[in-house]
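As stored in protein-v1.cif (mmCIF, C-alpha atoms):
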data_my_file
loop_
_atom_site.label_atom_id
_atom_site.label_comp_id
_atom_site.auth_asym_id
_atom_site.auth_seq_id
_atom_site.Cartn_x
_atom_site.Cartn_y
_atom_site.Cartn_z
CA MET X 1 126.13 126.59 93.84
CA ALA X 2 124.39 126.02 90.50
CA SER X 3 124.51 122.27 91.08
CA LEU X 4 122.89 122.68 94.49
CA MET X 5 120.12 124.81 93.00
CA GLU X 6 119.52 122.27 90.25
CA THR X 7 119.31 119.55 92.88
CA LEU X 8 116.83 121.57 94.94
CA ILE X 9 114.67 122.36 91.91
CA SER X 10 114.74 118.72 90.87
CA VAL X 11 113.71 117.61 94.37
CA LEU X 12 110.88 120.18 94.42
CA ASP X 13 109.63 118.95 91.05
CA GLU X 14 109.80 115.35 92.26
CA GLU X 15 107.88 116.30 95.40
CA SER X 16 105.23 118.08 93.31
CA ALA X 17 104.83 114.97 91.16
CA GLU X 18 104.34 112.82 94.27
CA TYR X 19 101.75 115.30 95.60
CA ASP X 20 99.94 115.03 92.26
CA LYS X 21 99.81 111.24 92.70
CA LEU X 22 98.49 111.73 96.23
CA LEU X 23 95.88 114.14 94.86
CA GLN X 24 94.68 111.52 92.37
CA LEU X 25 94.30 109.01 95.20
CA SER X 26 92.38 111.53 97.29
CA ILE X 27 90.08 112.33 94.37
CA ALA X 28 89.51 108.60 93.77
CA LYS X 29 88.61 108.22 97.43
CA THR X 30 85.64 110.62 97.26
CA PRO X 31 83.20 108.38 95.31
CA VAL X 32 84.37 105.39 97.37
CA ILE X 33 83.41 107.22 100.58
CA VAL X 34 80.04 108.16 99.11
CA SER X 35 79.33 104.58 98.01
CA GLU X 36 80.51 103.24 101.40
CA ASN X 37 82.84 100.71 99.79
CA LEU X 38 85.01 99.97 102.82
CA SER X 39 87.35 97.47 101.17
CA GLU X 40 88.20 99.92 98.37
CA LEU X 41 88.55 102.72 100.92
CA ALA X 42 91.05 100.61 102.88
CA ARG X 43 93.00 99.88 99.69
CA ILE X 44 93.19 103.55 98.71
CA THR X 45 94.15 104.55 102.26
CA ASP X 46 97.00 102.03 102.18
CA GLU X 47 98.21 103.48 98.87
CA GLU X 48 98.01 106.97 100.38
CA GLN X 49 100.20 105.87 103.28
CA VAL X 50 102.84 104.59 100.84
CA GLN X 51 102.61 107.87 98.92
CA LEU X 52 102.96 109.92 102.12
CA SER X 53 106.07 107.93 103.03
CA ARG X 54 107.59 108.80 99.65
CA ILE X 55 106.71 112.47 100.15
CA GLN X 56 108.33 112.48 103.60
CA ASN X 57 111.54 111.01 102.17
CA ILE X 58 111.61 113.63 99.44
CA ALA X 59 110.91 116.39 102.00
CA LYS X 60 113.98 115.26 103.95
CA ARG X 61 116.07 115.53 100.78
CA ARG X 62 114.57 118.99 100.14
CA ASP X 63 115.50 120.13 103.65
CA GLU X 64 119.05 118.79 103.19
CA ALA X 65 119.39 120.67 99.90
CA ILE X 66 118.17 123.88 101.53
CA ARG X 67 120.66 123.39 104.38
CA ASP X 68 123.50 122.84 101.92
CA ILE X 69 122.61 126.01 100.00
CA ALA X 70 122.35 127.99 103.25
CA ASN X 71 125.81 126.79 104.25
CA VAL X 72 127.28 127.78 100.87
CA LEU X 73 125.61 131.21 101.09
CA ASN X 74 126.77 131.55 104.71
CA LYS X 75 123.18 132.10 105.90
CA ASP X 76 121.45 130.88 109.05
CA VAL X 77 120.71 127.22 108.35
CA GLU X 78 117.98 126.89 111.00
CA ASN X 79 115.90 129.79 109.70
CA MET X 80 116.34 129.16 105.99
CA SER X 81 113.12 128.47 104.09
CA LEU X 82 112.19 128.22 100.44
CA LYS X 83 110.54 131.65 100.51
CA ARG X 84 113.62 133.22 102.06
CA LEU X 85 115.87 131.42 99.57
CA ILE X 86 113.81 132.73 96.65
CA LYS X 87 114.28 136.28 97.97
CA ILE X 88 118.00 135.73 98.45
CA MET X 89 118.34 134.53 94.85
CA ALA X 90 117.32 137.98 93.50
CA GLY X 91 120.87 138.40 92.19
CA ARG X 92 120.41 135.32 90.00
CA PRO X 93 117.09 135.89 88.22
CA SER X 94 117.08 132.71 86.12
CA GLU X 95 117.65 130.48 89.15
CA GLN X 96 115.20 132.55 91.20
CA LYS X 97 112.53 132.19 88.54
CA ALA X 98 113.03 128.41 88.23
CA LEU X 99 113.02 127.99 92.02
CA ALA X 100 109.90 130.15 92.41
CA ALA X 101 108.09 128.18 89.68
CA SER X 102 108.92 124.85 91.35
CA TYR X 103 107.89 126.23 94.73
CA ASP X 104 104.57 127.50 93.33
CA ARG X 105 103.81 124.11 91.72
CA LEU X 106 104.54 122.35 95.00
CA MET X 107 102.37 124.72 97.03
CA ALA X 108 99.50 124.47 94.52
CA ALA X 109 99.60 120.67 94.62
CA ALA X 110 99.71 120.61 98.42
CA LYS X 111 96.79 123.06 98.60
CA GLN X 112 94.68 120.92 96.26
CA VAL X 113 95.39 117.82 98.35
CA ASP X 114 94.32 119.72 101.46
CA MET X 115 91.07 120.84 99.81
CA VAL X 116 90.14 117.35 98.61
CA ASN X 117 91.06 115.82 101.96
CA ALA X 118 88.92 118.40 103.77
CA ARG X 119 85.97 117.47 101.55
CA ASN X 120 86.58 113.75 102.16
CA SER X 121 86.79 114.40 105.89
CA GLU X 122 83.42 116.16 105.79
CA LEU X 123 81.90 113.22 103.89
CA ILE X 124 83.26 110.75 106.43
CA GLN X 125 82.00 112.89 109.30
CA SER X 126 78.54 113.04 107.69
CA ALA X 127 78.52 109.25 107.32
CA LEU X 128 79.51 108.86 110.97
CA ASP X 129 76.79 111.29 112.03
CA MET X 130 74.24 109.23 110.08
CA VAL X 131 75.43 106.02 111.74
CA HIS X 132 75.11 107.64 115.18
CA PHE X 133 71.64 108.92 114.28
CA ASN X 134 70.53 105.46 113.15
CA MET X 135 71.99 103.82 116.26
CA ASN X 136 70.16 106.32 118.47
CA MET X 137 66.90 105.70 116.62
CA LEU X 138 67.23 101.93 117.06
CA GLN X 139 68.08 102.29 120.74
CA SER X 140 65.22 104.69 121.38
CA ALA X 141 62.81 102.36 119.58
CA LYS X 142 63.66 99.61 122.07
CA SER X 143 62.87 101.88 124.98
CA ALA X 144 59.62 103.31 123.60
CA PRO X 145 56.51 102.78 125.77
CA GLU X 146 54.14 99.98 124.90
CA SER X 147 50.97 100.72 123.03
CA ALA X 148 47.53 99.79 124.23
CA ASN X 149 47.04 97.34 121.37
CA TYR X 150 45.41 94.02 122.18
CA ASN X 151 45.11 90.85 120.17
CA LYS X 152 41.99 88.64 119.75
CA GLY X 153 42.58 86.95 123.08
CA ALA X 154 42.53 90.32 124.87
CA TYR X 155 46.24 90.18 125.61
CA SER X 156 48.57 93.13 125.07
CA THR X 157 50.54 92.78 121.86
CA GLY X 158 53.60 94.40 123.49
CA ALA X 159 54.07 96.69 120.49
CA ALA X 160 56.02 99.88 121.15
CA LEU X 161 54.56 103.22 120.18
CA GLY X 162 55.74 104.39 116.78
CA VAL X 163 57.69 101.19 116.05
CA ASP X 164 56.68 98.60 113.51
CA LYS X 165 58.94 95.62 114.17
CA GLN X 166 58.19 93.98 110.83
CA SER X 167 59.47 96.91 108.76
CA PHE X 168 63.18 96.77 109.65
CA ASP X 169 65.25 96.89 106.48
CA ALA X 170 68.63 95.21 107.00
CA LYS X 171 69.94 96.59 103.68
CA GLN X 172 70.13 100.13 104.97
#

Step by step, read the file and then write its structure as C-alpha cells.
Amino acid sequence: MASLMETLISVLDEESAEYDKLLQLSIAKTPVIVSENLSELARITDEEQVQLSRIQNIAKRRDEAIRDIANVLNKDVENMSLKRLIKIMAGRPSEQKALAASYDRLMAAAKQVDMVNARNSELIQSALDMVHFNMNMLQSAKSAPESANYNKGAYSTGAALGVDKQSFDAKQ
C-alpha cells in the first residue's frame, strides 16, 4: 500500500510540474496575443498541445494509481476520487498529509492555468470583435450614399459621404 501511495504522490507531483510548464506557456502567450504576432502564437499553441498530451498521459497514470489503491482498500473503484482517498487516509496521517499537499499543488496549478487561459480568451475575443468592427466599417463605407461634390467640369466626384478614400491606412 505504501508503494502505491508513493507512486500516486509521485504522479501528482509530476502532473503539477507539467501544469506549471503549461502555465508558463499560457503566460508567454498573453503578450503575443496583444502584439498580434500570429506566427509566435501558432508556435506557442503547438507547444501547448504537446504539453496537454503529456498531461493527459500522466492523468491516465494517476487514474490507474487511484484504481489500484481503491482495489487494495476494497473500495468502489468507479467512485474513488482524490478527495475521497484523502479522507480515507485519515488513519495514516503522514500519507494523508503528503497526498493532500500534492493534491493542493495540482489544483492550484490547474486553477492558475484556467485563469490565464480565461484572460487570453478574452483578449482573443476582443481582437476578433475589433476585426469584425473594422470589417463592418469598411463594408458600410462602400455602401454609403454619394455626396453632392462636383469637380471643375461640373461632374459628380462620386465620393461617398463620410469616406475619404485617400486616407486608408493599410498598416492598421

Given the file shown, determine the residues that the PyMOL selection byres ((chain X and resi 106) around 8) selects; report them as a VMD selection string.
chain X and resid 12 to 13 15 to 16 19 102 to 105 107 to 110

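Here the PyMOL selection byres ((chain X and resi 114-118) around 12) catches exactly these residues: Tyr19, Asp20, Leu22, Leu23, Gln24, Leu25, Ser26, Ile27, Ala28, Lys29, Thr30, Pro31, Ile33, Thr45, Glu48, Met107, Ala108, Ala109, Ala110, Lys111, Gln112, Val113, Arg119, Asn120, Ser121, Glu122, Leu123, Ile124 and Gln125 of chain X.
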
Saved selection, atoms kept: C-alpha atoms, as a CSV table (one decimal), in the coordinates of the input:
chain,number,residue,atom,x,y,z
X,19,TYR,CA,101.8,115.3,95.6
X,20,ASP,CA,99.9,115.0,92.3
X,22,LEU,CA,98.5,111.7,96.2
X,23,LEU,CA,95.9,114.1,94.9
X,24,GLN,CA,94.7,111.5,92.4
X,25,LEU,CA,94.3,109.0,95.2
X,26,SER,CA,92.4,111.5,97.3
X,27,ILE,CA,90.1,112.3,94.4
X,28,ALA,CA,89.5,108.6,93.8
X,29,LYS,CA,88.6,108.2,97.4
X,30,THR,CA,85.6,110.6,97.3
X,31,PRO,CA,83.2,108.4,95.3
X,33,ILE,CA,83.4,107.2,100.6
X,45,THR,CA,94.2,104.6,102.3
X,48,GLU,CA,98.0,107.0,100.4
X,107,MET,CA,102.4,124.7,97.0
X,108,ALA,CA,99.5,124.5,94.5
X,109,ALA,CA,99.6,120.7,94.6
X,110,ALA,CA,99.7,120.6,98.4
X,111,LYS,CA,96.8,123.1,98.6
X,112,GLN,CA,94.7,120.9,96.3
X,113,VAL,CA,95.4,117.8,98.4
X,119,ARG,CA,86.0,117.5,101.6
X,120,ASN,CA,86.6,113.8,102.2
X,121,SER,CA,86.8,114.4,105.9
X,122,GLU,CA,83.4,116.2,105.8
X,123,LEU,CA,81.9,113.2,103.9
X,124,ILE,CA,83.3,110.8,106.4
X,125,GLN,CA,82.0,112.9,109.3

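Between atom CA of Met89 of chain X and atom CA of Asn71 of chain X there is a distance of 14.3 Å.
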
For segment 36-50 of chain X, I'd like the enclosing box, axis-aligned and padded by 8 Å on every side, reported as AutoDock Vina command-line options with centre and edge lengths in Å to one decimal.
--center_x 91.7 --center_y 102.2 --center_z 100.8 --size_x 38.3 --size_y 25.5 --size_z 20.9

Using all atoms listed in the file, which protein or nucleic acid residues come within 10 Å of Ile69 of chain X? Drop anything in the same chain fewer than 5 positions from it, and give the result as a list in words.
Met1, Ala2, Ser3, Leu4, Met5, Leu8, Asp63, Glu64, Asn74, Lys75, Val77, Met80 and Leu85 of chain X

Take the selection from the previous step and output its residues with C-alpha atoms, as a CSV table (one decimal), in the coordinates of the input.
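Wrote it out as again-v7.csv, contents follow:
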chain,number,residue,atom,x,y,z
X,1,MET,CA,126.1,126.6,93.8
X,2,ALA,CA,124.4,126.0,90.5
X,3,SER,CA,124.5,122.3,91.1
X,4,LEU,CA,122.9,122.7,94.5
X,5,MET,CA,120.1,124.8,93.0
X,8,LEU,CA,116.8,121.6,94.9
X,63,ASP,CA,115.5,120.1,103.6
X,64,GLU,CA,119.0,118.8,103.2
X,74,ASN,CA,126.8,131.6,104.7
X,75,LYS,CA,123.2,132.1,105.9
X,77,VAL,CA,120.7,127.2,108.4
X,80,MET,CA,116.3,129.2,106.0
X,85,LEU,CA,115.9,131.4,99.6
